[in-house]
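**Q** Here you go, this is query-v1.txt (compact mmCIF, C-alpha atoms and all ligand atoms).
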# COMPACT_ATOMS: atom_id res chain seq x y z
CA MET D 1123 31.69 30.01 232.72
CA GLU D 1124 30.29 26.54 233.55
CA SER D 1125 27.87 27.98 236.09
CA LEU D 1126 26.51 30.28 233.37
CA ALA D 1127 25.77 27.41 230.98
CA SER D 1128 22.26 27.00 232.44
CA LEU D 1129 21.34 30.67 231.90
CA SER D 1130 18.06 31.20 230.12
CA ILE D 1131 18.70 33.54 227.20
CA LYS D 1132 15.94 33.96 224.64
CA GLY D 1133 17.27 36.48 222.19
CA PHE D 1134 20.55 37.84 220.85
CA ILE D 1135 21.27 40.70 218.47
CA GLU D 1136 24.82 40.38 217.23
CA ALA D 1137 25.43 44.04 216.42
CA SER D 1138 23.26 47.08 217.06
CA PHE D 1139 23.93 50.78 216.51
CA VAL D 1140 20.66 51.86 218.14
CA ASP D 1141 20.72 50.28 221.61
CA TRP D 1142 23.62 52.27 223.07
CA PRO D 1143 24.23 55.88 222.03
CA GLY D 1144 27.56 56.09 220.20
CA LYS D 1145 28.45 52.42 220.61
CA LEU D 1146 28.24 49.26 218.54
CA CYS D 1147 26.89 46.64 220.91
CA SER D 1148 25.50 43.15 221.07
CA VAL D 1149 22.19 42.72 222.90
CA ILE D 1150 21.18 39.79 225.12
CA PHE D 1151 17.46 39.32 225.84
CA PHE D 1152 16.40 37.55 229.02
CA PRO D 1153 12.91 36.10 229.49
CA ARG D 1154 10.10 37.22 231.81
CA CYS D 1155 9.05 40.57 233.19
CA ASN D 1156 7.23 41.69 236.33
CA PHE D 1157 5.39 44.46 234.40
CA ARG D 1158 2.74 44.06 231.72
CA CYS D 1159 3.08 47.34 229.84
CA ARG D 1160 0.22 47.72 227.40
CA TYR D 1161 2.54 48.84 224.61
CA CYS D 1162 5.14 46.09 225.17
CA HIS D 1163 6.13 44.55 221.85
CA ASN D 1164 8.10 41.74 223.48
CA GLY D 1165 4.93 39.77 224.23
CA PRO D 1166 6.23 36.19 223.82
CA LEU D 1167 9.38 37.04 225.78
CA VAL D 1168 7.24 38.38 228.64
CA THR D 1169 4.23 36.06 228.70
CA LYS D 1170 5.31 32.83 226.98
CA PRO D 1171 9.09 32.62 227.24
CA ASP D 1172 9.05 28.82 227.35
CA MET D 1173 7.79 28.80 223.77
CA LEU D 1174 11.01 30.49 222.63
CA GLU D 1175 14.20 28.63 221.93
CA ASP D 1176 17.12 29.01 224.32
CA ILE D 1177 20.31 30.56 223.02
CA GLN D 1178 23.46 29.04 224.45
CA PHE D 1179 25.72 31.39 226.36
CA SER D 1180 28.70 29.61 224.79
CA HIS D 1181 27.39 30.58 221.34
CA ILE D 1182 27.22 34.24 222.41
CA MET D 1183 30.71 34.17 223.87
CA ALA D 1184 32.10 32.54 220.71
CA TYR D 1185 30.58 35.36 218.66
CA LEU D 1186 31.91 38.07 220.99
CA GLN D 1187 35.41 36.62 220.97
CA ARG D 1188 35.37 36.39 217.17
CA GLU D 1189 34.12 39.96 216.68
CA ARG D 1190 35.80 41.64 219.63
CA ALA D 1191 37.60 44.10 217.35
CA TRP D 1192 34.25 45.65 216.38
CA ILE D 1193 31.91 45.19 219.32
CA ASP D 1194 32.29 47.88 222.00
CA GLY D 1195 29.98 46.37 224.58
CA VAL D 1196 27.07 44.16 225.52
CA CYS D 1197 23.59 45.33 226.46
CA PHE D 1198 21.56 43.23 228.92
CA SER D 1199 17.88 43.56 228.13
CA GLY D 1200 14.62 41.66 228.21
CA GLY D 1201 11.98 41.19 229.49
CA GLU D 1202 13.40 42.51 232.72
CA ALA D 1203 17.05 41.55 233.02
CA THR D 1204 17.20 42.13 236.79
CA LEU D 1205 14.89 39.14 237.36
CA GLN D 1206 17.83 36.89 236.46
CA PRO D 1207 19.58 35.70 239.64
CA GLN D 1208 22.82 35.21 237.70
CA LEU D 1209 22.84 38.71 236.18
CA PRO D 1210 25.78 40.06 238.26
CA GLU D 1211 27.76 36.94 237.43
CA ILE D 1212 27.21 37.10 233.67
CA ILE D 1213 27.90 40.84 233.54
CA ALA D 1214 31.10 40.37 235.55
CA TYR D 1215 32.18 37.57 233.24
CA ILE D 1216 31.61 39.60 230.06
CA LYS D 1217 33.22 42.68 231.56
CA ALA D 1218 36.27 40.60 232.47
CA GLN D 1219 36.57 39.70 228.77
CA GLY D 1220 37.10 43.39 228.04
CA PHE D 1221 33.62 44.49 226.91
CA LEU D 1222 31.69 47.50 228.15
CA THR D 1223 28.33 46.66 229.71
CA LYS D 1224 24.91 48.30 229.57
CA LEU D 1225 21.75 47.46 231.50
CA ASP D 1226 18.19 48.10 230.30
CA THR D 1227 15.75 48.05 233.21
CA ASN D 1228 12.25 49.00 234.27
CA GLY D 1229 13.62 50.12 237.64
CA SER D 1230 11.75 47.57 239.74
CA ASN D 1231 14.86 46.10 241.39
CA PRO D 1232 16.70 48.97 243.12
CA GLU D 1233 18.75 46.59 245.30
CA LEU D 1234 20.30 44.82 242.32
CA LEU D 1235 20.74 48.10 240.44
CA LYS D 1236 22.68 49.52 243.39
CA ARG D 1237 24.80 46.40 243.66
CA LEU D 1238 25.71 46.51 239.96
CA ILE D 1239 26.66 50.19 240.27
CA ASP D 1240 28.58 49.79 243.54
CA ASP D 1241 30.51 46.83 242.12
CA ARG D 1242 31.27 48.88 238.96
CA LEU D 1243 29.77 46.23 236.76
CA VAL D 1244 27.75 48.55 234.50
CA ASP D 1245 29.06 51.33 232.27
CA TYR D 1246 25.66 52.60 231.14
CA VAL D 1247 22.09 52.19 232.37
CA ALA D 1248 18.92 52.95 230.42
CA MET D 1249 15.90 53.01 232.73
CA ASP D 1250 12.36 53.13 231.44
CA VAL D 1251 10.05 55.55 233.22
CA LYS D 1252 6.57 54.53 232.20
CA ALA D 1253 4.43 57.49 233.25
CA ALA D 1254 4.23 60.39 235.66
CA LEU D 1255 5.29 59.23 239.12
CA ASP D 1256 1.88 58.68 240.65
CA GLU D 1257 0.31 55.29 241.37
CA ARG D 1258 -2.71 55.74 239.09
CA SER D 1259 -0.70 56.72 235.99
CA TYR D 1260 1.94 54.05 236.56
CA CYS D 1261 -0.54 51.26 237.14
CA ALA D 1262 -2.61 52.25 234.09
CA ILE D 1263 0.25 51.68 231.68
CA THR D 1264 2.19 48.87 233.42
CA GLN D 1265 -0.87 46.97 234.73
CA SER D 1266 1.29 46.39 237.82
CA ALA D 1267 0.38 47.75 241.25
CA ARG D 1268 2.61 48.96 244.08
CA VAL D 1269 5.78 49.27 241.99
CA LEU D 1270 6.13 53.02 242.24
CA ASP D 1271 8.22 53.21 245.43
CA ARG D 1272 10.76 50.82 243.95
CA VAL D 1273 10.86 52.76 240.69
CA LYS D 1274 11.43 56.01 242.58
CA GLU D 1275 14.22 54.40 244.57
CA SER D 1276 15.93 53.27 241.34
CA ILE D 1277 15.61 56.78 239.89
CA LYS D 1278 17.32 58.21 242.97
CA ILE D 1279 20.07 55.58 242.89
CA LEU D 1280 20.82 56.39 239.27
CA MET D 1281 20.70 60.15 239.67
CA ASP D 1282 23.04 59.96 242.70
CA SER D 1283 25.48 57.65 240.92
CA PRO D 1284 28.45 58.46 238.70
CA VAL D 1285 27.29 55.94 236.10
CA GLU D 1286 26.32 57.34 232.71
CA HIS D 1287 22.60 56.81 232.23
CA GLU D 1288 19.42 57.91 230.55
CA PHE D 1289 15.74 57.67 231.33
CA ARG D 1290 13.37 56.69 228.54
CA LEU D 1291 9.68 57.34 228.18
CA THR D 1292 7.68 55.48 225.52
CA VAL D 1293 4.66 57.59 224.68
CA VAL D 1294 1.25 56.19 223.76
CA PRO D 1295 -1.38 58.75 222.66
CA SER D 1296 -4.23 57.38 224.79
CA TYR D 1297 -2.07 57.29 227.96
CA HIS D 1298 0.42 60.12 227.59
CA GLY D 1299 -0.96 63.56 226.83
CA SER D 1300 1.47 66.44 226.48
CA GLU D 1301 0.84 67.53 230.09
CA GLU D 1302 1.69 64.06 231.41
CA ILE D 1303 4.86 63.91 229.31
CA LEU D 1304 6.01 67.25 230.72
CA GLN D 1305 5.07 66.05 234.22
CA VAL D 1306 7.43 63.10 233.83
CA ALA D 1307 10.22 65.57 233.05
CA ARG D 1308 9.29 67.62 236.14
CA ASP D 1309 9.22 64.42 238.24
CA LEU D 1310 12.77 63.71 237.04
CA ASN D 1311 14.04 67.08 238.18
CA GLY D 1312 17.85 66.94 238.11
CA ALA D 1313 18.10 64.16 235.53
CA SER D 1314 20.48 64.72 232.65
CA ARG D 1315 18.48 62.96 229.95
CA LEU D 1316 14.93 61.80 229.29
CA ARG D 1317 14.57 60.26 225.86
CA ILE D 1318 11.09 60.31 224.34
CA GLN D 1319 10.32 57.20 222.30
CA ASN D 1320 7.28 56.65 220.11
CA PHE D 1321 5.32 53.46 220.68
CA ASN D 1322 5.04 50.93 217.88
CA PRO D 1323 1.49 49.55 217.55
CA ALA D 1324 2.64 46.31 215.87
CA SER D 1325 2.39 43.25 218.14
CA VAL D 1326 1.65 45.09 221.38
CA LEU D 1327 0.48 43.27 224.51
CA ASP D 1328 -2.80 45.19 224.65
CA SER D 1329 -4.38 44.41 221.28
CA SER D 1330 -6.72 47.40 221.60
CA LEU D 1331 -3.67 49.61 220.96
CA GLN D 1332 -2.94 48.01 217.60
CA SER D 1333 -5.29 50.36 215.78
CA LEU D 1334 -3.97 53.43 217.61
CA LYS D 1335 -2.00 55.89 215.51
CA PRO D 1336 1.32 56.85 217.15
CA PHE D 1337 2.24 60.53 217.57
CA ASP D 1338 3.77 61.98 214.41
CA ASP D 1339 7.49 62.68 214.36
CA VAL D 1340 7.05 66.46 214.49
CA LEU D 1341 5.16 66.11 217.77
CA ILE D 1342 7.71 63.68 219.18
CA ASN D 1343 10.49 66.16 218.39
CA SER D 1344 8.47 68.93 220.01
CA PHE D 1345 7.96 66.82 223.17
CA GLN D 1346 11.69 66.09 223.26
CA GLN D 1347 12.52 69.79 222.96
CA GLN D 1348 10.11 70.75 225.77
CA VAL D 1349 11.40 67.95 227.99
CA ASP D 1350 15.02 69.01 227.33
CA ASP D 1351 14.09 72.59 228.27
CA ILE D 1352 12.54 71.48 231.56
CA LEU D 1353 15.56 69.35 232.47
CA ALA D 1354 17.96 72.17 231.58
CA HIS D 1355 16.41 74.50 234.19
S1 LIG P 1401 7.89 47.10 228.04
FE1 LIG P 1401 9.60 46.35 229.24
S2 LIG P 1401 8.93 46.59 231.38
FE2 LIG P 1401 7.11 46.67 230.11
S3 LIG P 1401 6.31 44.55 230.02
FE3 LIG P 1401 7.63 44.84 228.21
S4 LIG P 1401 9.64 44.14 228.86
FE4 LIG P 1401 8.42 44.49 230.72
Written as structure tokens, how would this file's structure read?
Ligand code: SF4

**A**
Amino acid sequence: MESLASLSIKGFIEASFVDWPGKLCSVIFFPRCNFRCRYCHNGPLVTKPDMLEDIQFSHIMAYLQRERAWIDGVCFSGGEATLQPQLPEIIAYIKAQGFLTKLDTNGSNPELLKRLIDDRLVDYVAMDVKAALDERSYCAITQSARVLDRVKESIKILMDSPVEHEFRLTVVPSYHGSEEILQVARDLNGASRLRIQNFNPASVLDSSLQSLKPFDDVLINSFQQQVDDILAH
């Protein structure tokens, strides 16, 4: 526990029903990210984490111990959680206290993902897939070059693993047309779940997207249905 006292944690949600399907979980937010997704709404966490106050790990543990009767698990999010060198240690510590553990990741660190799975430290993984799996599409939305091979490796690790997981695609009208959305589903051939999420134009990294109208809910549901159909065959 002492070695975790210096962890940089920049956000904490005490109880969430929306971050883990079917579970009530707490969410820990780590600073920094190696992507710069245009639709990211965690701007300060990604670009100016030093401006945000640190949250003490001891405070989080005190909360979890107090509310352990209600909280099923802890979600490790960000930013990109796998950039934290102490991530395996903190997950192991919280798991040893009897909580389930979930990782949110952009898939850029396949080595750490594999280690967490092999060491049985994660019970659920949600991996963002940002676009169809070609360099041009991926770079356009993440503003990060040469990440695709690592993302593909993480997808394979997850799909070959016994760990419960889902892939998530946040859709932005100017970057994801219906054909691209369906292509992502085809690229994930064999995956059990691709969740379509609408982007939220409030406080996005790329301010030019702030005036962009998100897809309406009927269209989002239609995309989800078509994606489910592709994955089912
Ligand atoms: S959306 Fe996620 S992966 Fe993209 S910049 Fe924000 S925190 Fe990083």

**Q** For atom CA of D:Val1247 and atom CA of D:Tyr1297, quote the distance in Å rounded to one decimal.

**A**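 Value for the atom CA of D:Val1247-atom CA of D:Tyr1297 distance: 25.1 Å.
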
**Q** Can you list, as a VMD selection string, every protein, DNA or RNA residue that comes within 8 Å of stretch 1123-1137 of chain D when you count only C-alpha atoms, leaving out same-chain residues fewer than 2 positions away?

**A** chain D and resid 1139 1146 to 1153 1167 1171 1174 to 1180 1182 1185 1193 1208 1211 to 1212 1215

**Q** May I ask which of the residues D:Tyr1260, D:Tyr1161, D:Trp1192, D:Phe1221 is the closest one to D:Val1293, counting only C-alpha atoms?

**A**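 Selected residue with least distance to D:Val1293: D:Tyr1161.
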
**Q** Counting all atoms listed in the file, what are the residues, protein, DNA or RNA alike, that approach ligand LIG 1401 (chain P) to within 9 Å? I want them as a PyMOL selection string.

**A** chain D and resi 1153-1165+1167-1169+1199-1203+1226-1230+1250+1252+1263-1265+1292+1327

**Q** Can you pull out the residues contacting D:Ile1216? Cut-off 10 Å, using only C-alpha atoms, and skip same-chain residues under 2 positions away; I want them as a list in words.

**A**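 So the residues in contact are Met1123, Met1183, Leu1186, Gly1195, Val1196, Glu1211, Ile1212, Ile1213, Ala1214, Ala1218, Gln1219, Gly1220, Phe1221, Leu1222, Thr1223 and Leu1243 of chain D.
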
**Q** Any idea what the distance is between atom CA of D:Glu1275 and atom CA of D:Glu1288?

**A** 15.4 Å

**Q** Find the distance between atom CA of D:Asp1351 and atom CA of D:Ile1277 and write it in Å to one decimal.

**A** 19.7 Å

**Q** Which of these, D:Ala1262, D:Ala1254, D:Ile1279, D:Leu1205, has the shortest distance to D:Leu1235 once you count all atoms listed in the file?

**A** D:Ile1279

**Q** Excluding same-chain residues fewer than 4 positions from D:Arg1317, what lies within 9 Å of it counting only C-alpha atoms, as a PDB file with C-alpha atoms, in the frame of the given file?

**A**
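selection10.pdb was written with the following content:
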ATOM      1  CA  GLU D1288      19.420  57.910 230.550  1.00  0.00           C
ATOM      2  CA  PHE D1289      15.740  57.670 231.330  1.00  0.00           C
ATOM      3  CA  ARG D1290      13.370  56.690 228.540  1.00  0.00           C
ATOM      4  CA  LEU D1291       9.680  57.340 228.180  1.00  0.00           C
ATOM      5  CA  THR D1292       7.680  55.480 225.520  1.00  0.00           C
ATOM      6  CA  GLN D1346      11.690  66.090 223.260  1.00  0.00           C
ATOM      7  CA  VAL D1349      11.400  67.950 227.990  1.00  0.00           C
ATOM      8  CA  ASP D1350      15.020  69.010 227.330  1.00  0.00           C
TER       9      ASP D1350
END

**Q** For D:Lys1278, work out the shell of residues within 12 Å, counting all atoms listed in the file and skipping chain neighbours fewer than 3 positions away, then give it as a ChimeraX atom specification.

**A** /D:1229,1232-1233,1235-1236,1249,1271-1275,1281-1284,1289,1309-1313

**Q** Can you pull out every residue within 9 Å of D:Ala1324, counting only C-alpha atoms, but drop anything in the same chain fewer than 4 positions away, and send it as a ChimeraX atom specification?

**A** /D:1163,1331-1333
